[in-house]
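Novice: The structure under discussion is supplied below as structure tokens; questions concerning it will follow.
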Amino acid sequence: MTADPTSPPLLKVSGVHKSFGAKVVLQGVDLEVAPHGVVCLIGPSGCGKSTLLRCINLLEPLDAGLIELDGERISGKGINANAVRRRVGIVFQSFNLFPHLSVLDNVTLGPRRVRKVPRRQAEERAREVLDRFGLGDKVDDYPDRLSGGQQQRAAIARAIVGDPELLLLDEVTSALDPELVGEVLTVIRDLAAGGMTMVLATHEMGFARDVADQVCFLHEGRVLEAGPPAQILKDPQEARTRQFLARVIAAGRL
Amino acid sequence: MTPDIGSGPPPAPPGRARAAPQSGGGGASWRHELGEEGARGALIAFVATVVFVGVAVWLVLSSDTWPDVQQQFFNPEDFRESWPDVLGGFWLDIKMFVIAEVLILAFGLLVAVVRSLRGPAFFPLRALSVIYIDLFRGIPILLILFLLGFGVPALQLPGVPNDPLFWGVTSLVLSYAAYTAEVYRSGIDSVHESQRAAARSLGLTQWQTLRFAIVPQAIRNVVPALLNGLVSLQKDVALVSVLGVREAVREAEIYKSRTFNYTSFVAATVLFLLASIPLARLTDWYTRRERQRRGQVVA
Ligand SMILES: Nc1ncnc2c1ncn2[C@@H]1O[C@H](COP(=O)(O)OP(=O)(O)OP(=O)(O)O)[C@@H](O)[C@H]1O
Ligand SMILES: [Mg+2]
């Protein structure tokens with residue numbers, strides 16, 4: 001399934017500003033993601049990719065701007081953040097699984113406590129997802145018994161078990177040993193093929209080229225350049241984008 | 001009672017033990033060294049102890065004042081005679097201890113959780129918990145006992161109990177819960193911020209986040225400090241005797257004022273020691289186990 005550019009965007013970010021004290025991180029980010037679309041955010045470290053994703057999941061309040069999900073405003077005053085987060089999953093760079101809970105309990109915590117799904121039903125569904133991600137034999141293990149790749153797959157399972165409309169992935173492979181990156185990317189590719197709408201921050205340009213409909217280059221708190229991966233990665237228009245990609249290529253990541 | 005908590009970031013969060021420790025790992029080689037020293041070390045320790053205790057006992061028993069001391073403090077007859085009352089009083093100490101400890105652990109946790117709630121809406125509650133903690137950590141328990149145990153009943157308020165036992169336990173709970181709340185809070189603060197973000201991102205409310213994600217990890221981080229407080233409270237219940245509650249120390253004192261013999265105090269001492277030593281060993285055991293577990297996880 002691929003994005004349908006003619007339908008209204010599922011996610012619409014307009015003019016988002018965000019500072020931490022005196023440090024301006026985002027200054028007018030605009031971004032649209034079509035239903036079933038996959039958007040990759042690229043840009044140098046510190047350019048605000050994580051901050052943007054955290055803003056979309058309302059983990060950080062905006063200073064200015066608007067975020068809409070499926071045509072509804074989800075940012076600003078009078079919004080029930082918990083209700084929004086039920087519709088938007090996020091996966092972090094460092095997994096952030098709960099170390100005191102088994103893999104199964106990690107995955108069922110959201111459904112059971114937030115949507116009040118009965119335990120049996122929640123576990124059944126969690127096992128299904130974990131099976132699909134190749135973790136069928138790990139459900140009763142605690143996170144620190146798992147490899148990084150397994151932990152990240154469990155974290156992705158936790159994020160999607162409630163069937164979110166939108167999944168945010170923040171450099172989900174950059175804390176992994178190189179040989180473990182592949183298994184996590186496979187899972188994400190699967191989700192993309194299944195039609196999951198995703199925004200992902202990544203340093204994996206090859207992966208961005210494969211799965212993204214659109215690549216956005218973030219620079220100085222704005223989307224400096226956006227377009228299909230073939231265009232952005234092969235023929236960037238902006239000098240800054242070219243500079244960034246040249247450095248990525250020099251580092252052997254494309 | 002300052003808990004000593006490692007608050008490192010969570011790439012290696014405190015968790016279930018990994019597989020068996022590898023030979024040559026930090027913990028294993030440490031134990032290995034002790035093992036080589038073990039046999040000789042134990043012998044030296046044993047001989048040294050026998051010599052030391054022998055000399056001390058001989059010095060005491062051979063001194064001129066020993067017969068008086070024995071008469072005053074270690075009189076078998078007085079011991080036997082005072083024992084039943086002191087033991088009965090000690091049973092009351094145990095009951096007070098158990099009830100107070102349960103209330104302290106629960107109330108302290110509540111105060112700590114309230115103190116770590118975020119957002120302007122919770123400001124009044126947060127402020128209240130800070131005031132409570134500052135107040136009751138700052139006042140000596142003895143003063144709280146006098147104020148509540150003598151002061152409140154003297155007001156003769158309708159419907160307010162004037163039982164010294166009630167006010168004694170209440171004083172202990174109020175004082176200890178303030179400390180315990182800070183212990184819990186340090187545990188809550190030691191859980192990395194990213195855990196909170198992960199829980200909130202699932203749609204959990206602030207309360208649920210604390211309840212299911214943060215507090216379970218926090219408690220595990222502060223169990224040694226909590227056990228320490230337990231040992232401390234086990235002795236401090238005796239302070240309630242100043243209100244006239246007939247627990248062990250009070251009974252011992254009553255016996256002393258009747259006979260002018262202090263052996264009853266020794267009887268009480270024996271009972272308190274018998275109860276506190278196992279608790280202290282339990283604390284040691286748990287702390288050691290925890291350290292090993294974490295050592296393995298980090299290794
Ligand atoms: N909570 C915070 N308080 C203060 N500054 C912050 C906070 N979070 C992020 N920043 C700052 O905002 C800037 C953008 O951070 P962000 O994590 O969004 O960048 P990033 O693009 O994700 O970088 P990376 O590729 O290294 O993950 C950085 O300079 C960072 O130091
Ligand atoms: Mg980041």
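By order of appearance in the structure tokens: chains A, B, ..., then residues from 1 within every chain, and ligands from 1 in the order shown.
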Please check the contacts: residues of chain A at most 6 Å away from chain B, using only C-alpha atoms, listed as a PyMOL selection string.

Specialist: chain A and resi 82+85-86+96+99+110+114

Novice: Taking the chain letters and numbering used in this document, name the residues of segment 32-236 of chain A that DSSP puts in alpha helix (DSSP H), as a VMD selection string.

Specialist: chain A and resid 49 to 56 81 to 87 103 to 114 119 to 132 148 to 160 178 to 193 205 to 211 229 to 234

Novice: So which residues are near ligand 1, meaning at most 12 Å away with only C-alpha atoms and all ligand atoms counted, given back as a PyMOL selection string?

Specialist: (chain A and resi 17-27+41-55+59-61+92-94+169-175+200-204+217-223) or (chain B and resi 193-194+197)

Novice: Neighbouring residues of Arg153 of chain A were defined as those with any atom within 9 Å, considering only C-alpha atoms; residues of the same chain fewer than 6 positions away were excluded. Please report them as a list in words.

Specialist: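 Listing them by chain and then by number gives Phe95, Leu130, Phe133, Gly134, Leu135, Glu183, Val184 and Val187 of chain A.
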
Novice: As an exercise, work out the distance from atom CA of Pro124 of chain B to atom CA of Gly229 of chain B in Å and give it to one decimal place.

Specialist: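 Interatomic distance, atom CA of Pro124 of chain B to atom CA of Gly229 of chain B: 28.4 Å.
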
Novice: Can you list, as a VMD selection string, every protein, DNA or RNA residue that comes within 8 Å of segment 180-184 of chain B when you count only C-alpha atoms, leaving out same-chain residues fewer than 4 positions away?

Specialist: chain B and resid 1 to 3 104 to 105 107 to 112 133 176 188 218 to 219 222 225 to 226 229

Novice: Using the selection just defined, write its residues with N, CA, C and O atoms as a short mmCIF file (atom, residue, chain, number, x, y, z; two decimals), in the first residue's frame.

Specialist:
data_model
loop_
_atom_site.label_atom_id
_atom_site.label_comp_id
_atom_site.auth_asym_id
_atom_site.auth_seq_id
_atom_site.Cartn_x
_atom_site.Cartn_y
_atom_site.Cartn_z
N MET B 1 18.98 9.17 57.58
CA MET B 1 18.45 8.14 56.70
C MET B 1 18.52 8.61 55.25
O MET B 1 17.51 8.80 54.60
N THR B 2 19.70 8.85 54.76
CA THR B 2 19.83 9.28 53.37
C THR B 2 20.11 8.07 52.52
O THR B 2 21.12 7.41 52.70
N PRO B 3 19.19 7.72 51.64
CA PRO B 3 19.43 6.54 50.82
C PRO B 3 20.53 6.82 49.82
O PRO B 3 20.65 7.93 49.31
N ILE B 104 3.30 3.87 57.93
CA ILE B 104 4.40 4.72 57.46
C ILE B 104 4.70 4.44 55.98
O ILE B 104 4.83 5.36 55.17
N LEU B 105 4.79 3.15 55.64
CA LEU B 105 5.12 2.81 54.25
C LEU B 105 4.03 3.31 53.31
O LEU B 105 4.32 3.83 52.23
N PHE B 107 1.60 5.78 53.93
CA PHE B 107 1.44 7.24 53.96
C PHE B 107 2.65 7.92 53.33
O PHE B 107 2.50 8.88 52.57
N GLY B 108 3.84 7.42 53.64
CA GLY B 108 5.05 8.00 53.06
C GLY B 108 5.01 7.94 51.53
O GLY B 108 5.36 8.90 50.85
N LEU B 109 4.54 6.80 51.01
CA LEU B 109 4.46 6.66 49.55
C LEU B 109 3.46 7.66 48.97
O LEU B 109 3.72 8.31 47.96
N LEU B 110 2.34 7.78 49.64
CA LEU B 110 1.32 8.73 49.16
C LEU B 110 1.90 10.15 49.09
O LEU B 110 1.75 10.85 48.09
N VAL B 111 2.58 10.55 50.17
CA VAL B 111 3.15 11.90 50.21
C VAL B 111 4.19 12.07 49.09
O VAL B 111 4.21 13.09 48.40
N ALA B 112 5.02 11.04 48.89
CA ALA B 112 6.06 11.14 47.85
C ALA B 112 5.44 11.23 46.47
O ALA B 112 5.89 12.01 45.62
N ILE B 133 6.47 17.50 55.03
CA ILE B 133 7.78 16.86 55.17
C ILE B 133 8.74 17.76 55.95
O ILE B 133 9.40 17.31 56.90
N TYR B 176 8.02 9.44 61.06
CA TYR B 176 8.72 8.52 60.16
C TYR B 176 8.24 8.62 58.73
O TYR B 176 9.02 8.45 57.79
N ILE B 188 11.95 7.71 43.24
CA ILE B 188 11.19 8.15 42.07
C ILE B 188 12.08 9.00 41.16
O ILE B 188 12.09 8.83 39.95
N ALA B 218 10.97 2.57 41.40
CA ALA B 218 11.48 3.43 42.47
C ALA B 218 11.61 2.63 43.76
O ALA B 218 12.64 2.69 44.45
N ILE B 219 10.60 1.85 44.08
CA ILE B 219 10.63 1.10 45.34
C ILE B 219 11.79 0.12 45.33
O ILE B 219 12.52 -0.01 46.32
N VAL B 222 14.96 1.64 46.42
CA VAL B 222 15.14 2.16 47.79
C VAL B 222 14.85 1.14 48.88
O VAL B 222 14.78 1.51 50.05
N ALA B 225 17.16 1.34 51.91
CA ALA B 225 16.90 2.51 52.76
C ALA B 225 15.62 2.30 53.56
O ALA B 225 15.54 2.69 54.74
N LEU B 226 14.62 1.67 52.97
CA LEU B 226 13.38 1.42 53.69
C LEU B 226 13.62 0.42 54.82
O LEU B 226 13.10 0.59 55.93
N GLY B 229 15.12 2.11 57.73
CA GLY B 229 14.11 2.82 58.51
C GLY B 229 13.34 1.87 59.41
O GLY B 229 12.97 2.21 60.54
#

Novice: As a PyMOL selection string, please: all residues of segment 44-251 of chain A that backbone DSSP puts in strand (DSSP E).

Specialist: chain A and resi 64-69+72-73+88-91+166-170+197-201+214-219+222-227

Novice: For Gly136 of chain A, work out the shell of residues within 12 Å, counting only C-alpha atoms and skipping chain neighbours fewer than 4 positions away, then give it as a PyMOL selection string.

Specialist: chain A and resi 103-104+124-132+140-141+150+153-154+157

Novice: Just how far from atom CA of Ser232 of chain B is atom CA of Val102 of chain B, in Å to one decimal?

Specialist: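 Rounded to one decimal, the two atoms are 14.3 Å apart.
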